[in-house]
Amino acid sequence: MIISKPEIKLKNGEVIVSAGIKFNKPVLKKPEKVWFAFPESYYPYISGRADAFAASFLPLAMAVREDLLTEGDLSPRLVRGLQEYQLALNFWYPKQLALVDIQAANLTVLPLEQAGRSCVTLFSGGVDSSYTLMSHLPDHQPNPDFQTNYAIFVHGFDIPLQNRPEYAEILKLFSEQLTKVGVKVIPCRTNLQYFSSGLLHWNIAHGVAMISVGLVLDKLIRYFLVPSSFALAGLVPWGTTPMIDHWLSTESLQVIHHGVPYVRIEKAYAISNWLPAQHCLRVCIDEDRRSGVNNCGRCDKCLRTM
């Protein structure tokens with residue numbers, strides 16, 4: 001598998017960073033390029049390095065049993081981490097994910113003067129991400145280095161790219177509520193999930209996908225918070241876990257898996273009096289009944305959260 005050198009373009013009010021993906025042997029029909037899109041104002045925060053692309057495609061390269069060659073600039077620390085990362089995936093899924101060679105055309109470190117300084121979290125409106133965001137606001141986090149000013153809301157993961165109205169509705173509500181607590185929501189669109197479809201289960205692929213969104217914004221982010229899915233007592237092989245997430249860090253961007261000491265009911269209790277969660281908690285897994293942040297109130301996850 002060859003990942004071409006990333007390109008950055010401005011189009012229709014967005015900054016789009018993309019890279020060509022070439023498989024060595026025929027696979028299911030896939031797009032020729034993978035891309036990430038942000039509002040145009042985030043152009044200064046994108047370096048155009050290949051770190052995000054190498055990280056996000058390693059599990060897929062393992063699934064199709066192809067060595068991974070990246071033509072853009074890669075972090076030496078990330079390459080070392082990816083070697084450890086794939087050992088863990090291969091241990092968990094030996095029949096599905098094979099060990100591959102990771103090759104980089106150019107190993108370089110993002111210059112210190114260009115590195116990000118912000119603490120940023122992923123946000124979907126669920127219990128886990130709400131708890132992580134709330135925990136890093138000034139009222140709960142005294143260390144200014146770890147106080148969160150930005151939350152990234154991704155379109156293309158749990159909300160399909162073709163469903164623009166629902167994403168726009170949720171984005172508007174998230175922005176209104178989080179602005180009140182001093183947090184700016186960063187919209188992001190990506191076609192990354194299309195590549196794993198039919199080749200690699202999303203339960204495995206989603207971890208690198210989420211973290212790659214942060215790696216794209218390496219000129220903004222110093223600490224990238226990944227909300228935990230499971231508590232320590234219930235850790236299982238999963239796409240995102242404290243056992244492997246940290247290996248996707250670079251010299252200038254540290255990935256932090258947050259919230260793992262607590263079970264979800266403890267998180268739900270912690271955010272129960274937090275106004276943004278009261279207005280826009282989004283937990284429903286019933287695709288037919290849910291709408292925006294309106295949960296069905298009947299599915300297992302809704303009942304458990306209530």
# chains A, B, ... in the order shown; residues from 1 in each chain; ligands from 1
$ residues_around --residues "Ala63 in chain A" --least-positions-apart "3" --cutoff "9 Å" --atoms "only C-alpha atoms" --output "MDAnalysis selection string"
chainID A and resid 58:60 66 96:98 199:200
$ residues_around --residues "Cys119 in chain A" --least-positions-apart "6" --cutoff "12 Å" --atoms "only C-alpha atoms" --output "ChimeraX atom specification"
/A:132-133,136-137,141,143-152,183-184,214,217-226,253-256
$ atom_distance --atom1 "CA of Asn90 in chain A" --atom2 "CA of His155 in chain A"
29.2 Å
$ select_by_dssp --residues "range 23-95 of chain A" --states "strand (DSSP E)" --output "list in words"
Lys33, Val34, Trp35, Phe36, Ala37, Phe38, Pro39, Leu68, Leu69, Thr70, Glu71, Gly72, Asp73 and Leu74 of chain A
$ write_last_selection --atoms "N, CA, C and O atoms" --output "short mmCIF file (atom, residue, chain, number, x, y, z; two decimals), in the first residue's frame"
data_model
loop_
_atom_site.label_atom_id
_atom_site.label_comp_id
_atom_site.auth_asym_id
_atom_site.auth_seq_id
_atom_site.Cartn_x
_atom_site.Cartn_y
_atom_site.Cartn_z
N LYS A 33 -8.59 8.76 -3.15
CA LYS A 33 -7.96 9.63 -2.16
C LYS A 33 -8.74 9.60 -0.85
O LYS A 33 -9.97 9.49 -0.84
N VAL A 34 -8.00 9.72 0.24
CA VAL A 34 -8.62 9.93 1.54
C VAL A 34 -8.43 11.41 1.88
O VAL A 34 -7.41 12.01 1.55
N TRP A 35 -9.45 12.02 2.51
CA TRP A 35 -9.36 13.44 2.78
C TRP A 35 -9.98 13.79 4.14
O TRP A 35 -10.82 13.07 4.67
N PHE A 36 -9.49 14.91 4.67
CA PHE A 36 -10.04 15.53 5.88
C PHE A 36 -10.35 16.98 5.54
O PHE A 36 -9.52 17.67 4.93
N ALA A 37 -11.52 17.46 5.92
CA ALA A 37 -11.92 18.84 5.62
C ALA A 37 -12.29 19.57 6.90
O ALA A 37 -13.02 19.03 7.75
N PHE A 38 -11.79 20.79 7.03
CA PHE A 38 -12.07 21.67 8.16
C PHE A 38 -12.47 23.04 7.63
O PHE A 38 -12.20 23.36 6.47
N PRO A 39 -13.09 23.88 8.46
CA PRO A 39 -13.35 25.25 8.02
C PRO A 39 -12.04 25.93 7.59
O PRO A 39 -10.98 25.65 8.15
N LEU A 68 3.31 -1.00 4.24
CA LEU A 68 2.83 0.38 4.21
C LEU A 68 3.98 1.31 3.85
O LEU A 68 4.95 1.42 4.59
N LEU A 69 3.87 1.98 2.71
CA LEU A 69 4.88 2.94 2.27
C LEU A 69 4.26 4.32 2.24
O LEU A 69 3.25 4.55 1.57
N THR A 70 4.86 5.25 2.97
CA THR A 70 4.36 6.62 3.03
C THR A 70 5.36 7.56 2.38
O THR A 70 6.54 7.59 2.76
N GLU A 71 4.89 8.34 1.40
CA GLU A 71 5.79 9.22 0.66
C GLU A 71 5.97 10.59 1.32
O GLU A 71 6.89 11.32 0.97
N GLY A 72 5.12 10.95 2.26
CA GLY A 72 5.25 12.24 2.93
C GLY A 72 6.13 12.16 4.16
O GLY A 72 6.71 11.11 4.49
N ASP A 73 6.23 13.27 4.89
CA ASP A 73 7.04 13.35 6.11
C ASP A 73 6.36 12.59 7.24
O ASP A 73 5.17 12.77 7.50
N LEU A 74 7.16 11.77 7.94
CA LEU A 74 6.63 11.02 9.07
C LEU A 74 7.46 11.28 10.32
O LEU A 74 8.68 11.44 10.25
#
$ atom_distance --atom1 "CA of Glu266 in chain A" --atom2 "CA of Ser229 in chain A"
12.9 Å
$ residues_around --residues "Thr108 in chain A" --least-positions-apart "6" --cutoff "12 Å" --atoms "only C-alpha atoms" --output "list in words"
Arg49, Ala50, Asp51, Gly72, Asp73, Leu74, Ser75, Pro76, Arg77, Leu78, Val79, Thr250, Glu251 and Ser252 of chain A
$ write_last_selection --atoms "N, CA, C and O atoms" --output "compact mmCIF listing (two decimals), in the first residue's frame"
# COMPACT_ATOMS: atom_id res chain seq x y z
N ARG A 49 1.78 17.09 6.94
CA ARG A 49 2.59 15.90 7.15
C ARG A 49 1.74 14.64 6.90
O ARG A 49 0.52 14.71 6.79
N ALA A 50 2.41 13.50 6.84
CA ALA A 50 1.72 12.24 6.54
C ALA A 50 1.38 11.43 7.79
O ALA A 50 0.89 10.31 7.68
N ASP A 51 1.62 11.98 8.97
CA ASP A 51 1.41 11.22 10.21
C ASP A 51 -0.01 10.67 10.32
O ASP A 51 -0.21 9.50 10.66
N GLY A 72 5.12 10.95 2.26
CA GLY A 72 5.25 12.24 2.93
C GLY A 72 6.13 12.16 4.16
O GLY A 72 6.71 11.11 4.49
N ASP A 73 6.23 13.27 4.89
CA ASP A 73 7.04 13.35 6.11
C ASP A 73 6.36 12.59 7.24
O ASP A 73 5.17 12.77 7.50
N LEU A 74 7.16 11.77 7.94
CA LEU A 74 6.63 11.02 9.07
C LEU A 74 7.46 11.28 10.32
O LEU A 74 8.68 11.44 10.25
N SER A 75 6.78 11.30 11.45
CA SER A 75 7.44 11.45 12.75
C SER A 75 8.20 10.18 13.11
O SER A 75 7.63 9.09 13.09
N PRO A 76 9.48 10.28 13.46
CA PRO A 76 10.23 9.09 13.91
C PRO A 76 9.58 8.41 15.12
O PRO A 76 9.53 7.19 15.20
N ARG A 77 9.08 9.23 16.04
CA ARG A 77 8.42 8.65 17.22
C ARG A 77 7.16 7.89 16.82
O ARG A 77 6.88 6.81 17.35
N LEU A 78 6.40 8.44 15.87
CA LEU A 78 5.19 7.77 15.44
C LEU A 78 5.51 6.45 14.75
O LEU A 78 4.84 5.43 15.00
N VAL A 79 6.53 6.43 13.90
CA VAL A 79 6.91 5.20 13.22
C VAL A 79 7.28 4.13 14.25
O VAL A 79 6.87 2.96 14.12
N THR A 250 3.25 11.77 18.56
CA THR A 250 4.46 12.22 17.86
C THR A 250 5.33 12.99 18.85
O THR A 250 5.00 13.10 20.03
N GLU A 251 6.43 13.56 18.37
CA GLU A 251 7.31 14.34 19.24
C GLU A 251 6.61 15.59 19.77
O GLU A 251 6.95 16.09 20.85
N SER A 252 5.62 16.11 19.04
CA SER A 252 4.99 17.37 19.42
C SER A 252 3.52 17.23 19.83
O SER A 252 2.93 18.17 20.35
$ select_by_dssp --residues "range 200-274 of chain A" --states "helix (DSSP H, G or I)" --output "PDB file with N, CA and C atoms, in the first residue's frame"
ATOM      1  N   TRP A 202     -15.167  -1.843  11.921  1.00  0.00           N
ATOM      2  CA  TRP A 202     -15.008  -0.502  12.479  1.00  0.00           C
ATOM      3  C   TRP A 202     -14.612  -0.529  13.954  1.00  0.00           C
ATOM      4  N   ASN A 203     -14.961  -1.595  14.678  1.00  0.00           N
ATOM      5  CA  ASN A 203     -14.538  -1.707  16.075  1.00  0.00           C
ATOM      6  C   ASN A 203     -13.022  -1.684  16.207  1.00  0.00           C
ATOM      7  N   ILE A 204     -12.316  -2.136  15.165  1.00  0.00           N
ATOM      8  CA  ILE A 204     -10.856  -2.102  15.146  1.00  0.00           C
ATOM      9  C   ILE A 204     -10.354  -0.804  14.533  1.00  0.00           C
ATOM     10  N   ALA A 205     -10.980  -0.394  13.432  1.00  0.00           N
ATOM     11  CA  ALA A 205     -10.466   0.733  12.643  1.00  0.00           C
ATOM     12  C   ALA A 205     -10.744   2.099  13.255  1.00  0.00           C
ATOM     13  N   HIS A 206     -11.754   2.204  14.122  1.00  0.00           N
ATOM     14  CA  HIS A 206     -12.178   3.536  14.562  1.00  0.00           C
ATOM     15  C   HIS A 206     -11.151   4.236  15.458  1.00  0.00           C
ATOM     16  N   GLY A 207     -10.309   3.473  16.144  1.00  0.00           N
ATOM     17  CA  GLY A 207      -9.342   4.105  17.038  1.00  0.00           C
ATOM     18  C   GLY A 207      -8.351   4.977  16.297  1.00  0.00           C
ATOM     19  N   VAL A 208      -7.684   4.399  15.284  1.00  0.00           N
ATOM     20  CA  VAL A 208      -6.726   5.190  14.509  1.00  0.00           C
ATOM     21  C   VAL A 208      -7.440   6.280  13.722  1.00  0.00           C
ATOM     22  N   ALA A 209      -8.688   6.022  13.318  1.00  0.00           N
ATOM     23  CA  ALA A 209      -9.443   7.035  12.579  1.00  0.00           C
ATOM     24  C   ALA A 209      -9.652   8.277  13.439  1.00  0.00           C
ATOM     25  N   MET A 210     -10.079   8.072  14.681  1.00  0.00           N
ATOM     26  CA  MET A 210     -10.316   9.208  15.568  1.00  0.00           C
ATOM     27  C   MET A 210      -9.025   9.979  15.846  1.00  0.00           C
ATOM     28  N   ILE A 211      -7.972   9.264  16.149  1.00  0.00           N
ATOM     29  CA  ILE A 211      -6.712   9.923  16.500  1.00  0.00           C
ATOM     30  C   ILE A 211      -6.099  10.621  15.298  1.00  0.00           C
ATOM     31  N   SER A 212      -6.323  10.085  14.096  1.00  0.00           N
ATOM     32  CA  SER A 212      -5.772  10.728  12.904  1.00  0.00           C
ATOM     33  C   SER A 212      -6.343  12.124  12.703  1.00  0.00           C
ATOM     34  N   VAL A 213      -7.586  12.349  13.137  1.00  0.00           N
ATOM     35  CA  VAL A 213      -8.182  13.682  13.034  1.00  0.00           C
ATOM     36  C   VAL A 213      -7.352  14.692  13.827  1.00  0.00           C
ATOM     37  N   GLY A 214      -6.880  14.292  14.994  1.00  0.00           N
ATOM     38  CA  GLY A 214      -6.027  15.173  15.785  1.00  0.00           C
ATOM     39  C   GLY A 214      -4.664  15.371  15.155  1.00  0.00           C
ATOM     40  N   LEU A 215      -4.097  14.310  14.578  1.00  0.00           N
ATOM     41  CA  LEU A 215      -2.774  14.412  13.957  1.00  0.00           C
ATOM     42  C   LEU A 215      -2.769  15.373  12.776  1.00  0.00           C
ATOM     43  N   VAL A 216      -3.897  15.498  12.097  1.00  0.00           N
ATOM     44  CA  VAL A 216      -3.988  16.452  10.987  1.00  0.00           C
ATOM     45  C   VAL A 216      -3.785  17.879  11.489  1.00  0.00           C
ATOM     46  N   LEU A 232     -11.234   0.378  33.440  1.00  0.00           N
ATOM     47  CA  LEU A 232     -10.086  -0.513  33.631  1.00  0.00           C
ATOM     48  C   LEU A 232     -10.501  -1.972  33.830  1.00  0.00           C
ATOM     49  N   ALA A 233     -11.548  -2.187  34.622  1.00  0.00           N
ATOM     50  CA  ALA A 233     -11.955  -3.556  34.927  1.00  0.00           C
ATOM     51  C   ALA A 233     -12.559  -4.267  33.725  1.00  0.00           C
ATOM     52  N   GLY A 234     -12.939  -3.516  32.692  1.00  0.00           N
ATOM     53  CA  GLY A 234     -13.599  -4.139  31.548  1.00  0.00           C
ATOM     54  C   GLY A 234     -12.864  -3.968  30.245  1.00  0.00           C
ATOM     55  N   ASP A 245      -3.318   3.441  22.562  1.00  0.00           N
ATOM     56  CA  ASP A 245      -3.508   4.777  21.981  1.00  0.00           C
ATOM     57  C   ASP A 245      -2.257   5.650  22.046  1.00  0.00           C
ATOM     58  N   HIS A 246      -1.523   5.560  23.143  1.00  0.00           N
ATOM     59  CA  HIS A 246      -0.366   6.436  23.336  1.00  0.00           C
ATOM     60  C   HIS A 246       0.718   6.216  22.292  1.00  0.00           C
ATOM     61  N   TRP A 247       0.735   5.041  21.638  1.00  0.00           N
ATOM     62  CA  TRP A 247       1.745   4.762  20.620  1.00  0.00           C
ATOM     63  C   TRP A 247       1.518   5.579  19.347  1.00  0.00           C
ATOM     64  N   LEU A 248       0.394   6.278  19.265  1.00  0.00           N
ATOM     65  CA  LEU A 248       0.116   7.109  18.097  1.00  0.00           C
ATOM     66  C   LEU A 248       0.498   8.567  18.338  1.00  0.00           C
ATOM     67  N   ARG A 264     -19.117   3.829  33.124  1.00  0.00           N
ATOM     68  CA  ARG A 264     -19.962   4.843  32.490  1.00  0.00           C
ATOM     69  C   ARG A 264     -21.011   5.408  33.440  1.00  0.00           C
ATOM     70  N   ILE A 265     -21.513   4.618  34.369  1.00  0.00           N
ATOM     71  CA  ILE A 265     -22.530   5.141  35.282  1.00  0.00           C
ATOM     72  C   ILE A 265     -21.932   6.237  36.178  1.00  0.00           C
ATOM     73  N   GLU A 266     -20.643   6.120  36.517  1.00  0.00           N
ATOM     74  CA  GLU A 266     -19.979   7.162  37.295  1.00  0.00           C
ATOM     75  C   GLU A 266     -19.820   8.426  36.457  1.00  0.00           C
ATOM     76  N   LYS A 267     -19.522   8.265  35.199  1.00  0.00           N
ATOM     77  CA  LYS A 267     -19.417   9.429  34.309  1.00  0.00           C
ATOM     78  C   LYS A 267     -20.779  10.101  34.143  1.00  0.00           C
ATOM     79  N   ALA A 268     -21.818   9.286  33.972  1.00  0.00           N
ATOM     80  CA  ALA A 268     -23.161   9.844  33.803  1.00  0.00           C
ATOM     81  C   ALA A 268     -23.569  10.647  35.035  1.00  0.00           C
ATOM     82  N   TYR A 269     -23.225  10.127  36.200  1.00  0.00           N
ATOM     83  CA  TYR A 269     -23.529  10.861  37.434  1.00  0.00           C
ATOM     84  C   TYR A 269     -22.759  12.184  37.475  1.00  0.00           C
ATOM     85  N   ALA A 270     -21.491  12.149  37.057  1.00  0.00           N
ATOM     86  CA  ALA A 270     -20.649  13.352  37.111  1.00  0.00           C
ATOM     87  C   ALA A 270     -21.170  14.459  36.211  1.00  0.00           C
ATOM     88  N   ILE A 271     -21.734  14.091  35.037  1.00  0.00           N
ATOM     89  CA  ILE A 271     -22.182  15.122  34.085  1.00  0.00           C
ATOM     90  C   ILE A 271     -23.663  15.455  34.242  1.00  0.00           C
TER      91      ILE A 271
END
$ atom_distance --atom1 "CA of Val64 in chain A" --atom2 "CA of Met1 in chain A"
9.0 Å
$ residues_around --residues "Trp92 in chain A" --least-positions-apart "4" --cutoff "12 Å" --atoms "only C-alpha atoms" --output "MDAnalysis selection string"
chainID A and resid 85:88 96:99 204 236:239 243:244
$ residues_around --residues "Glu287 in chain A" --least-positions-apart "2" --cutoff "12 Å" --atoms "only C-alpha atoms" --output "compact mmCIF listing (two decimals) with N, CA, C and O atoms, in the first residue's frame"
# COMPACT_ATOMS: atom_id res chain seq x y z
N ASP A 158 -20.01 8.22 12.94
CA ASP A 158 -21.33 7.68 13.27
C ASP A 158 -22.44 8.34 12.47
O ASP A 158 -23.55 7.80 12.37
N ILE A 159 -22.18 9.51 11.89
CA ILE A 159 -23.15 10.16 11.01
C ILE A 159 -22.62 10.08 9.58
O ILE A 159 -21.56 10.65 9.27
N PRO A 160 -23.28 9.35 8.68
CA PRO A 160 -22.78 9.21 7.31
C PRO A 160 -22.63 10.56 6.61
O PRO A 160 -23.38 11.50 6.88
N GLU A 166 -28.67 16.24 9.40
CA GLU A 166 -28.57 15.84 10.80
C GLU A 166 -27.27 16.35 11.42
O GLU A 166 -27.27 16.85 12.56
N VAL A 283 -26.87 9.71 23.01
CA VAL A 283 -26.42 8.36 23.32
C VAL A 283 -27.16 7.27 22.54
O VAL A 283 -26.74 6.12 22.53
N CYS A 284 -28.26 7.60 21.89
CA CYS A 284 -29.15 6.60 21.29
C CYS A 284 -28.46 5.80 20.19
O CYS A 284 -27.72 6.34 19.36
N ILE A 285 -28.72 4.47 20.18
CA ILE A 285 -28.16 3.61 19.14
C ILE A 285 -29.25 3.09 18.19
O ILE A 285 -28.98 2.27 17.32
N ARG A 289 -35.20 5.51 15.24
CA ARG A 289 -35.99 6.36 16.13
C ARG A 289 -35.29 7.64 16.56
O ARG A 289 -35.95 8.63 16.87
N ARG A 290 -33.96 7.65 16.57
CA ARG A 290 -33.25 8.84 17.02
C ARG A 290 -33.28 9.91 15.94
O ARG A 290 -33.44 9.63 14.77
N SER A 291 -33.11 11.15 16.38
CA SER A 291 -33.04 12.28 15.45
C SER A 291 -32.24 13.39 16.09
O SER A 291 -32.63 13.93 17.12
N GLY A 292 -31.11 13.72 15.49
CA GLY A 292 -30.26 14.75 16.08
C GLY A 292 -29.81 14.34 17.47
O GLY A 292 -29.23 13.28 17.66
N VAL A 293 -30.12 15.18 18.46
CA VAL A 293 -29.80 14.82 19.84
C VAL A 293 -31.05 14.34 20.58
O VAL A 293 -31.05 14.24 21.81
N ASN A 294 -32.11 14.05 19.83
CA ASN A 294 -33.32 13.51 20.43
C ASN A 294 -33.18 11.99 20.50
O ASN A 294 -33.26 11.29 19.49
N ASN A 295 -32.97 11.47 21.70
CA ASN A 295 -32.78 10.03 21.91
C ASN A 295 -34.13 9.33 21.97
O ASN A 295 -35.14 9.91 22.38
N CYS A 296 -34.14 8.05 21.57
CA CYS A 296 -35.42 7.32 21.51
C CYS A 296 -35.99 7.03 22.88
O CYS A 296 -37.21 6.93 23.05
N ARG A 298 -35.78 4.28 24.42
CA ARG A 298 -36.24 2.89 24.51
C ARG A 298 -35.11 1.87 24.33
O ARG A 298 -35.22 0.76 24.84
N CYS A 299 -34.09 2.22 23.59
CA CYS A 299 -33.01 1.26 23.33
C CYS A 299 -32.20 1.01 24.61
O CYS A 299 -32.33 1.75 25.60
$ closest_residue --among "A:Ile3, A:Val260, A:Met62, A:Ile16" --to "Ser129 in chain A" --atoms "only C-alpha atoms"
A:Val260
$ decode --residues "range 165-264 of chain A" --atoms "C-alpha atoms" --output "compact mmCIF listing (two decimals), in the first residue's frame"
# COMPACT_ATOMS: atom_id res chain seq x y z
CA PRO A 165 -28.93 17.92 7.63
CA GLU A 166 -28.57 15.84 10.80
CA TYR A 167 -24.89 16.73 11.22
CA ALA A 168 -25.64 20.43 10.68
CA GLU A 169 -28.44 20.33 13.25
CA ILE A 170 -26.26 18.67 15.89
CA LEU A 171 -23.28 20.91 15.13
CA LYS A 172 -25.42 24.01 15.64
CA LEU A 173 -26.65 22.81 19.02
CA PHE A 174 -23.20 21.69 20.17
CA SER A 175 -21.71 25.05 19.17
CA GLU A 176 -24.42 27.01 20.99
CA GLN A 177 -24.05 25.05 24.22
CA LEU A 178 -20.26 24.67 24.33
CA THR A 179 -19.63 28.32 23.49
CA LYS A 180 -21.28 29.12 26.82
CA VAL A 181 -18.54 27.19 28.65
CA GLY A 182 -15.68 28.66 26.59
CA VAL A 183 -15.21 25.80 24.13
CA LYS A 184 -15.10 26.19 20.35
CA VAL A 185 -16.41 23.28 18.30
CA ILE A 186 -14.24 22.33 15.33
CA PRO A 187 -16.24 20.68 12.52
CA CYS A 188 -14.42 17.98 10.55
CA ARG A 189 -15.50 15.91 7.55
CA THR A 190 -13.65 12.83 6.33
CA ASN A 191 -14.20 9.89 3.98
CA LEU A 192 -11.87 7.69 6.02
CA GLN A 193 -14.54 5.17 7.03
CA TYR A 194 -15.20 4.24 3.39
CA PHE A 195 -11.80 2.53 3.18
CA SER A 196 -12.32 0.08 6.05
CA SER A 197 -15.87 -0.82 4.98
CA GLY A 198 -15.95 -4.45 3.85
CA LEU A 199 -12.29 -5.01 4.74
CA LEU A 200 -11.88 -4.24 8.44
CA HIS A 201 -14.44 -4.04 11.23
CA TRP A 202 -15.01 -0.50 12.48
CA ASN A 203 -14.54 -1.71 16.07
CA ILE A 204 -10.86 -2.10 15.15
CA ALA A 205 -10.47 0.73 12.64
CA HIS A 206 -12.18 3.54 14.56
CA GLY A 207 -9.34 4.11 17.04
CA VAL A 208 -6.73 5.19 14.51
CA ALA A 209 -9.44 7.03 12.58
CA MET A 210 -10.32 9.21 15.57
CA ILE A 211 -6.71 9.92 16.50
CA SER A 212 -5.77 10.73 12.90
CA VAL A 213 -8.18 13.68 13.03
CA GLY A 214 -6.03 15.17 15.78
CA LEU A 215 -2.77 14.41 13.96
CA VAL A 216 -3.99 16.45 10.99
CA LEU A 217 -4.22 19.54 13.23
CA ASP A 218 -0.68 19.14 14.56
CA LYS A 219 0.01 22.89 14.47
CA LEU A 220 -2.86 23.45 16.92
CA ILE A 221 -2.74 20.47 19.26
CA ARG A 222 -0.25 19.64 21.99
CA TYR A 223 -2.43 17.26 24.01
CA PHE A 224 -5.12 15.25 22.22
CA LEU A 225 -7.74 13.71 24.49
CA VAL A 226 -9.43 10.46 23.47
CA PRO A 227 -12.48 9.68 25.65
CA SER A 228 -12.39 6.13 26.99
CA SER A 229 -14.97 3.53 25.95
CA PHE A 230 -14.32 1.03 28.73
CA ALA A 231 -13.26 1.18 32.36
CA LEU A 232 -10.09 -0.51 33.63
CA ALA A 233 -11.96 -3.56 34.93
CA GLY A 234 -13.60 -4.14 31.55
CA LEU A 235 -10.79 -3.51 29.06
CA VAL A 236 -11.04 -5.66 25.94
CA PRO A 237 -9.31 -5.61 22.54
CA TRP A 238 -10.77 -2.53 20.89
CA GLY A 239 -9.86 0.16 18.39
CA THR A 240 -9.23 2.70 21.11
CA THR A 241 -7.82 1.67 24.49
CA PRO A 242 -5.22 2.98 26.96
CA MET A 243 -3.13 -0.08 26.11
CA ILE A 244 -2.27 1.20 22.62
CA ASP A 245 -3.51 4.78 21.98
CA HIS A 246 -0.37 6.44 23.34
CA TRP A 247 1.74 4.76 20.62
CA LEU A 248 0.12 7.11 18.10
CA SER A 249 1.80 10.17 19.63
CA THR A 250 4.46 12.22 17.86
CA GLU A 251 7.31 14.34 19.24
CA SER A 252 4.99 17.37 19.42
CA LEU A 253 1.50 15.86 19.91
CA GLN A 254 0.70 13.60 22.84
CA VAL A 255 -2.31 11.30 22.67
CA ILE A 256 -4.01 10.90 26.06
CA HIS A 257 -6.67 8.24 26.64
CA HIS A 258 -8.91 9.76 29.30
CA GLY A 259 -11.52 8.51 31.76
CA VAL A 260 -10.58 4.86 32.01
CA PRO A 261 -10.67 4.65 35.87
CA TYR A 262 -14.44 5.25 35.80
CA VAL A 263 -17.35 3.12 34.63
CA ARG A 264 -19.96 4.84 32.49
